[in-house]
>>> print(open('my_file-v6.txt').read())   # compact mmCIF, C-alpha atoms
# COMPACT_ATOMS: atom_id res chain seq x y z
CA MET A 535 93.84 -14.01 -53.66
CA THR A 536 92.27 -15.22 -50.42
CA ALA A 537 91.59 -12.35 -48.03
CA ILE A 538 93.27 -12.40 -44.64
CA TRP A 539 91.02 -11.65 -41.67
CA ASP A 540 91.97 -9.33 -38.83
CA VAL A 541 90.68 -11.53 -36.00
CA ARG A 542 90.65 -10.14 -32.46
CA ALA A 543 88.04 -12.53 -30.95
CA VAL A 544 85.98 -15.61 -31.78
CA LEU A 545 82.31 -15.69 -30.80
CA LEU A 546 80.71 -19.11 -30.53
CA ASP A 547 77.09 -20.14 -30.62
CA MET A 548 76.35 -22.98 -28.18
CA ASP A 549 73.47 -25.29 -29.12
CA GLY A 550 74.05 -27.11 -32.37
CA THR A 551 77.48 -25.49 -32.77
CA LEU A 552 79.52 -26.64 -29.76
CA LEU A 553 76.92 -28.85 -28.08
CA ASP A 554 75.07 -31.60 -29.91
CA THR A 555 71.75 -30.54 -28.42
CA GLU A 556 69.52 -29.35 -31.24
CA LYS A 557 68.27 -32.84 -32.13
CA VAL A 558 67.47 -33.43 -28.46
CA TYR A 559 65.50 -30.16 -28.30
CA PHE A 560 63.76 -30.91 -31.58
CA ASP A 561 62.79 -34.48 -30.68
CA SER A 562 61.75 -33.44 -27.17
CA LEU A 563 59.44 -30.71 -28.47
CA VAL A 564 57.91 -32.91 -31.17
CA ALA A 565 57.22 -35.60 -28.55
CA ALA A 566 55.77 -33.02 -26.13
CA LEU A 567 53.41 -31.62 -28.75
CA GLN A 568 52.31 -35.07 -29.85
CA SER A 569 51.70 -36.19 -26.27
CA CYS A 570 49.40 -33.19 -25.86
CA GLY A 571 47.43 -34.09 -28.99
CA TYR A 572 49.11 -31.82 -31.55
CA THR A 573 50.23 -33.72 -34.64
CA ASP A 574 49.65 -31.44 -37.64
CA ASP A 575 52.70 -29.81 -39.23
CA VAL A 576 54.69 -30.43 -36.03
CA THR A 577 57.97 -31.24 -37.76
CA ALA A 578 57.96 -28.17 -40.00
CA LEU A 579 56.95 -25.90 -37.13
CA CYS A 580 59.71 -27.20 -34.86
CA HIS A 581 62.29 -26.87 -37.64
CA ALA A 582 61.35 -23.19 -37.96
CA MET A 583 62.23 -22.67 -34.29
CA ILE A 584 65.82 -23.90 -34.50
CA GLY A 585 68.19 -21.14 -33.36
CA MET A 586 65.36 -19.03 -31.88
CA PRO A 587 65.15 -17.97 -28.20
CA GLY A 588 62.70 -19.90 -26.04
CA PRO A 589 60.20 -17.05 -25.56
CA GLN A 590 59.98 -16.54 -29.33
CA CYS A 591 59.39 -20.27 -29.82
CA GLN A 592 56.56 -20.14 -27.31
CA ALA A 593 55.06 -17.15 -29.12
CA MET A 594 55.26 -19.05 -32.41
CA LEU A 595 53.40 -22.00 -30.88
CA ILE A 596 50.63 -19.79 -29.52
CA ASP A 597 50.39 -17.91 -32.81
CA HIS A 598 50.15 -21.20 -34.72
CA TYR A 599 47.72 -23.06 -32.47
CA GLY A 600 45.74 -20.20 -30.95
CA ALA A 601 45.28 -18.48 -27.59
CA ASP A 602 43.99 -21.67 -25.93
CA PHE A 603 47.25 -23.52 -26.59
CA PRO A 604 48.35 -25.18 -23.30
CA ILE A 605 51.85 -23.71 -23.25
CA ASP A 606 52.58 -24.64 -19.62
CA ARG A 607 51.61 -28.27 -20.18
CA VAL A 608 53.71 -28.53 -23.33
CA ASN A 609 56.65 -26.85 -21.59
CA ARG A 610 56.51 -29.36 -18.73
CA ALA A 611 56.45 -32.27 -21.19
CA PHE A 612 59.32 -30.76 -23.18
CA VAL A 613 61.50 -30.26 -20.10
CA ALA A 614 60.81 -33.80 -18.86
CA ASN A 615 61.74 -35.26 -22.26
CA ARG A 616 64.86 -33.10 -22.54
CA ASP A 617 66.14 -33.76 -19.03
CA GLN A 618 65.66 -37.50 -19.43
CA ARG A 619 67.89 -37.44 -22.52
CA PHE A 620 70.50 -35.24 -20.82
CA ALA A 621 70.63 -37.37 -17.67
CA THR A 622 73.74 -39.24 -18.81
CA GLY A 623 75.60 -36.13 -19.97
CA LEU A 624 75.59 -33.76 -22.87
CA PRO A 625 77.48 -34.61 -26.08
CA LEU A 626 79.80 -32.25 -27.91
CA LYS A 627 79.79 -31.61 -31.62
CA ARG A 628 82.67 -33.04 -33.63
CA GLY A 629 85.70 -30.77 -33.32
CA THR A 630 84.56 -28.79 -30.28
CA VAL A 631 87.56 -29.70 -28.13
CA ALA A 632 89.99 -29.17 -31.01
CA LEU A 633 88.60 -25.69 -31.63
CA LEU A 634 88.68 -24.65 -27.97
CA ASP A 635 92.21 -26.05 -27.58
CA ALA A 636 93.40 -24.13 -30.65
CA LEU A 637 91.87 -20.84 -29.47
CA GLN A 638 93.31 -21.20 -25.99
CA ALA A 639 96.75 -22.16 -27.29
CA ALA A 640 96.74 -19.03 -29.48
CA GLU A 641 95.45 -16.93 -26.55
CA CYS A 642 92.60 -15.76 -28.76
CA PRO A 643 89.73 -14.19 -26.79
CA MET A 644 86.50 -16.14 -27.15
CA ALA A 645 82.97 -16.04 -25.81
CA ILE A 646 79.70 -17.94 -25.92
CA VAL A 647 76.87 -16.06 -27.65
CA THR A 648 73.67 -18.05 -27.22
CA SER A 649 69.89 -17.79 -27.43
CA SER A 650 69.66 -19.88 -24.27
CA SER A 651 69.07 -18.38 -20.83
CA ARG A 652 72.09 -17.86 -18.59
CA ARG A 653 70.88 -20.55 -16.23
CA GLY A 654 70.43 -23.02 -19.06
CA ALA A 655 73.74 -22.16 -20.70
CA ASP A 656 75.67 -22.52 -17.44
CA ALA A 657 74.04 -25.89 -16.74
CA HIS A 658 74.52 -27.32 -20.22
CA LEU A 659 78.12 -26.18 -20.61
CA ALA A 660 78.83 -27.76 -17.22
CA LEU A 661 77.10 -31.01 -18.23
CA ALA A 662 79.24 -31.07 -21.36
CA GLY A 663 82.39 -30.49 -19.31
CA ILE A 664 83.45 -27.21 -20.94
CA ARG A 665 82.01 -24.44 -18.72
CA SER A 666 85.44 -23.65 -17.24
CA ARG A 667 86.76 -22.88 -20.72
CA PHE A 668 84.80 -19.62 -20.93
CA ASP A 669 85.30 -16.36 -19.07
CA HIS A 670 82.64 -14.65 -21.18
CA LEU A 671 79.08 -15.88 -21.61
CA PHE A 672 76.38 -13.80 -23.36
CA THR A 673 72.80 -15.06 -23.31
CA ARG A 674 69.29 -13.95 -24.19
CA ASP A 675 69.03 -12.60 -20.63
CA ASP A 676 71.57 -9.90 -21.51
CA VAL A 677 69.55 -8.21 -24.28
CA ILE A 678 66.00 -7.19 -25.07
CA HIS A 679 66.09 -8.62 -28.57
CA GLY A 680 67.74 -12.03 -29.07
CA LYS A 681 68.78 -13.69 -32.30
CA PRO A 682 68.16 -13.06 -35.19
CA SER A 683 68.66 -9.49 -33.94
CA PRO A 684 72.38 -8.51 -33.92
CA ASP A 685 72.20 -7.24 -30.33
CA LEU A 686 73.90 -10.22 -28.65
CA TYR A 687 76.86 -10.13 -31.02
CA LEU A 688 77.19 -6.36 -30.71
CA LEU A 689 77.16 -6.67 -26.91
CA ALA A 690 79.78 -9.44 -26.95
CA ALA A 691 82.13 -7.39 -29.12
CA GLU A 692 81.64 -4.32 -26.94
CA ARG A 693 82.35 -6.22 -23.72
CA LEU A 694 85.45 -7.83 -25.22
CA GLY A 695 86.68 -4.41 -26.33
CA VAL A 696 86.87 -5.21 -30.04
CA SER A 697 84.93 -4.14 -33.11
CA PRO A 698 82.37 -6.63 -34.50
CA GLN A 699 84.22 -6.58 -37.83
CA THR A 700 87.25 -8.16 -36.13
CA CYS A 701 85.19 -11.01 -34.66
CA VAL A 702 84.69 -14.42 -36.23
CA ALA A 703 81.25 -15.77 -35.34
CA VAL A 704 80.56 -19.51 -35.61
CA GLU A 705 76.92 -20.51 -36.03
CA ASP A 706 74.89 -23.56 -37.02
CA SER A 707 71.48 -22.02 -37.79
CA ASN A 708 70.11 -19.58 -40.34
CA HIS A 709 68.75 -17.36 -37.55
CA GLY A 710 72.18 -17.28 -35.95
CA VAL A 711 73.86 -16.41 -39.23
CA THR A 712 71.42 -13.54 -39.70
CA SER A 713 72.30 -12.23 -36.24
CA ALA A 714 76.08 -12.45 -36.63
CA HIS A 715 76.11 -11.00 -40.14
CA ALA A 716 73.88 -8.09 -39.15
CA ALA A 717 76.35 -7.26 -36.37
CA GLY A 718 79.15 -7.09 -38.94
CA ALA A 719 81.03 -10.20 -37.79
CA ILE A 720 82.96 -12.51 -40.09
CA THR A 721 80.44 -15.34 -40.10
CA LEU A 722 81.16 -19.05 -40.47
CA MET A 723 78.34 -21.59 -40.61
CA VAL A 724 78.60 -25.23 -39.60
CA PRO A 725 75.08 -26.48 -40.43
CA ASP A 726 73.41 -28.84 -37.98
CA LEU A 727 69.79 -29.95 -38.52
CA VAL A 728 68.77 -27.31 -41.05
CA PRO A 729 70.74 -26.64 -44.24
CA PRO A 730 71.80 -23.09 -45.06
CA THR A 731 69.47 -20.98 -47.15
CA ASP A 732 70.78 -19.10 -50.14
CA GLU A 733 70.59 -15.95 -48.02
CA SER A 734 72.75 -17.54 -45.32
CA ARG A 735 75.35 -18.66 -47.83
CA ALA A 736 75.57 -15.11 -49.13
CA ARG A 737 76.01 -13.77 -45.59
CA CYS A 738 78.77 -16.21 -44.63
CA ALA A 739 82.47 -15.97 -45.25
CA ALA A 740 82.26 -19.77 -45.52
CA VAL A 741 79.96 -22.72 -44.88
CA VAL A 742 82.00 -25.67 -43.64
CA SER A 743 81.37 -29.25 -42.59
CA ASP A 744 82.60 -29.26 -39.00
CA LEU A 745 84.59 -27.40 -36.35
CA HIS A 746 87.88 -28.95 -37.48
CA ALA A 747 87.38 -27.02 -40.73
CA VAL A 748 86.78 -23.86 -38.67
CA VAL A 749 90.18 -24.35 -37.00
CA GLU A 750 91.88 -24.69 -40.37
CA MET A 751 90.17 -21.56 -41.70
CA LEU A 752 91.24 -19.60 -38.64
CA ARG A 753 94.81 -20.75 -39.18
CA GLU A 754 94.82 -20.02 -42.90
CA ARG A 755 92.90 -16.74 -42.93
CA GLY A 756 92.79 -15.51 -39.34
CA GLY A 757 96.40 -15.88 -38.30
CA LEU A 758 95.66 -18.43 -35.59
CA THR A 759 98.94 -19.98 -34.51
CA ARG A 760 99.50 -23.69 -34.03
CA ARG A 761 100.79 -25.30 -30.82
>>> encode(input="my_file-v6.txt", output="structure tokens")
Amino acid sequence: MTAIWDVRAVLLDMDGTLLDTEKVYFDSLVAALQSCGYTDDVTALCHAMIGMPGPQCQAMLIDHYGADFPIDRVNRAFVANRDQRFATGLPLKRGTVALLDALQAAECPMAIVTSSSRRGADAHLALAGIRSRFDHLFTRDDVIHGKPSPDLYLLAAERLGVSPQTCVAVEDSNHGVTSAHAAGAITLMVPDLVPPTDESRARCAAVVSDLHAVVEMLRERGGLTRR
């Protein structure tokens, strides 16, 4: 028998889950590193950063390349590459609008839970045309320890007045899955650039192909009502 979830809120990762940004970030960082003369193991290193907060990514770069790594120069190149790609708008992942419509129609509380800064999250959600959909936005600025620590998800549940165990968390990255699962949330993964590890599969209630499948799972197992 398929278990029925007691869902009181849905907590949504942003980059790679709702917004189709991870490839932009990845390509922009690879290009920035290469333009600064760093070409060894760049792809693998950048893959390892997916889902991690910016400060932790910077620490990983310095740890990998050494104390003389020109972090400010690389950051400037990364931002220039990223902003050039975002100049015409920011694309949504397949099923984003359908998921937000379904949650709003069911009057299900929802929130963004992201490793991005508040400033960055506000700007990117606005560029994507969905900032007004969210009353609750939790970012790395709100906690000391970002993902993969559970702190952001625990804070979101607390502020929404629900227990983490009654929250469905939707993530695209292994780091995000680790965070949501550690908080006790019912975790769904919609993989983006990096496939789920065996550990992530074990931590998830389900790994699905897109956000349309998330809507169907919420209807079948979470009691989400249709229009």
>>> residues_around(input="my_file-v6.txt", residues="Val702 (chain A)", least_positions_apart="4", cutoff="10 Å", atoms="only C-alpha atoms", output="JSON list (two decimals) with C-alpha atoms, in the frame of the given file")
[["chain", "number", "residue", "atom", "x", "y", "z"],
["A", 539, "TRP", "CA", 91.02, -11.65, -41.67],
["A", 540, "ASP", "CA", 91.97, -9.33, -38.83],
["A", 541, "VAL", "CA", 90.68, -11.53, -36.00],
["A", 542, "ARG", "CA", 90.65, -10.14, -32.46],
["A", 543, "ALA", "CA", 88.04, -12.53, -30.95],
["A", 544, "VAL", "CA", 85.98, -15.61, -31.78],
["A", 545, "LEU", "CA", 82.31, -15.69, -30.80],
["A", 546, "LEU", "CA", 80.71, -19.11, -30.53],
["A", 644, "MET", "CA", 86.50, -16.14, -27.15],
["A", 698, "PRO", "CA", 82.37, -6.63, -34.50],
["A", 714, "ALA", "CA", 76.08, -12.45, -36.63],
["A", 718, "GLY", "CA", 79.15, -7.09, -38.94],
["A", 719, "ALA", "CA", 81.03, -10.20, -37.79],
["A", 720, "ILE", "CA", 82.96, -12.51, -40.09],
["A", 721, "THR", "CA", 80.44, -15.34, -40.10],
["A", 722, "LEU", "CA", 81.16, -19.05, -40.47],
["A", 739, "ALA", "CA", 82.47, -15.97, -45.25],
["A", 748, "VAL", "CA", 86.78, -23.86, -38.67],
["A", 752, "LEU", "CA", 91.24, -19.60, -38.64],
["A", 756, "GLY", "CA", 92.79, -15.51, -39.34]]
>>> atom_distance(input="my_file-v6.txt", atom1="CA of Ser651 (chain A)", atom2="CA of Thr673 (chain A)")
5.6 Å
>>> closest_residue(input="my_file-v6.txt", among="A:Ser734, A:Thr551, A:Ser713, A:Ser666", to="Leu626 (chain A)", atoms="all atoms listed in the file")
A:Thr551
>>> closest_residue(input="my_file-v6.txt", among="A:Met594, A:Leu694, A:Ala621, A:Val724", to="Ala747 (chain A)", atoms="all atoms listed in the file")
A:Val724
>>> residues_around(input="my_file-v6.txt", residues="region 554-561 of chain A", least_positions_apart="5", cutoff="9 Å", atoms="only C-alpha atoms", output="list in words")
Met548, Asp549, Ala566, Thr577, Cys580, His581, Met583, Ile584, Gly585, Phe612, Asn615, Arg616, Arg619, Phe620, Leu624, Pro625, Leu626, Lys627, Arg628, Asp726 and Leu727 of chain A
>>> write_last_selection(input="my_file-v6.txt", atoms="C-alpha atoms", output="mmCIF file, in the coordinates of the input")
data_model
loop_
_atom_site.group_PDB
_atom_site.id
_atom_site.type_symbol
_atom_site.label_atom_id
_atom_site.label_comp_id
_atom_site.auth_asym_id
_atom_site.auth_seq_id
_atom_site.Cartn_x
_atom_site.Cartn_y
_atom_site.Cartn_z
ATOM 1 C CA MET A 548 76.350 -22.980 -28.180
ATOM 2 C CA ASP A 549 73.470 -25.290 -29.120
ATOM 3 C CA ALA A 566 55.770 -33.020 -26.130
ATOM 4 C CA THR A 577 57.970 -31.240 -37.760
ATOM 5 C CA CYS A 580 59.710 -27.200 -34.860
ATOM 6 C CA HIS A 581 62.290 -26.870 -37.640
ATOM 7 C CA MET A 583 62.230 -22.670 -34.290
ATOM 8 C CA ILE A 584 65.820 -23.900 -34.500
ATOM 9 C CA GLY A 585 68.190 -21.140 -33.360
ATOM 10 C CA PHE A 612 59.320 -30.760 -23.180
ATOM 11 C CA ASN A 615 61.740 -35.260 -22.260
ATOM 12 C CA ARG A 616 64.860 -33.100 -22.540
ATOM 13 C CA ARG A 619 67.890 -37.440 -22.520
ATOM 14 C CA PHE A 620 70.500 -35.240 -20.820
ATOM 15 C CA LEU A 624 75.590 -33.760 -22.870
ATOM 16 C CA PRO A 625 77.480 -34.610 -26.080
ATOM 17 C CA LEU A 626 79.800 -32.250 -27.910
ATOM 18 C CA LYS A 627 79.790 -31.610 -31.620
ATOM 19 C CA ARG A 628 82.670 -33.040 -33.630
ATOM 20 C CA ASP A 726 73.410 -28.840 -37.980
ATOM 21 C CA LEU A 727 69.790 -29.950 -38.520
#
>>> residues_around(input="my_file-v6.txt", residues="region 736-738 of chain A", least_positions_apart="4", cutoff="9 Å", atoms="only C-alpha atoms", output="PyMOL selection string")
chain A and resi 711-712+715-716+720-723+731-732
>>> atom_distance(input="my_file-v6.txt", atom1="CA of Ala662 (chain A)", atom2="CA of Cys642 (chain A)")
21.6 Å
>>> closest_residue(input="my_file-v6.txt", among="A:Leu671, A:Val749, A:Val564, A:Ile646", to="Val631 (chain A)", atoms="only C-alpha atoms")
A:Val749
>>> residues_near_point(input="my_file-v6.txt", point="(91.3, -16.4, -24.7)", cutoff="9 Å", atoms="only C-alpha atoms", output="list in words")
Ala543, Val544, Leu637, Gln638, Ala639, Ala640, Glu641, Cys642, Pro643, Met644, Ala645, Arg667, Phe668 and Asp669 of chain A
>>> closest_residue(input="my_file-v6.txt", among="A:His598, A:Leu745, A:Phe672, A:Arg693", to="Asp706 (chain A)", atoms="only C-alpha atoms")
A:Leu745
>>> closest_residue(input="my_file-v6.txt", among="A:Thr573, A:Ser707, A:Gln699, A:Gln618", to="Ser649 (chain A)", atoms="all atoms listed in the file")
A:Ser707
>>> closest_residue(input="my_file-v6.txt", among="A:Asp744, A:Asp597, A:Asp656, A:Glu733", to="Glu705 (chain A)", atoms="all atoms listed in the file")
A:Asp744
>>> atom_distance(input="my_file-v6.txt", atom1="CA of Ala740 (chain A)", atom2="CA of Gly588 (chain A)")
27.6 Å
>>> axis_aligned_box(input="my_file-v6.txt", around="region 682-697 of chain A", padding_each_side="8 Å", output="AutoDock Vina command-line options")
--center_x 77.5 --center_y -8.6 --center_z -29.5 --size_x 34.7 --size_y 24.9 --size_z 27.5
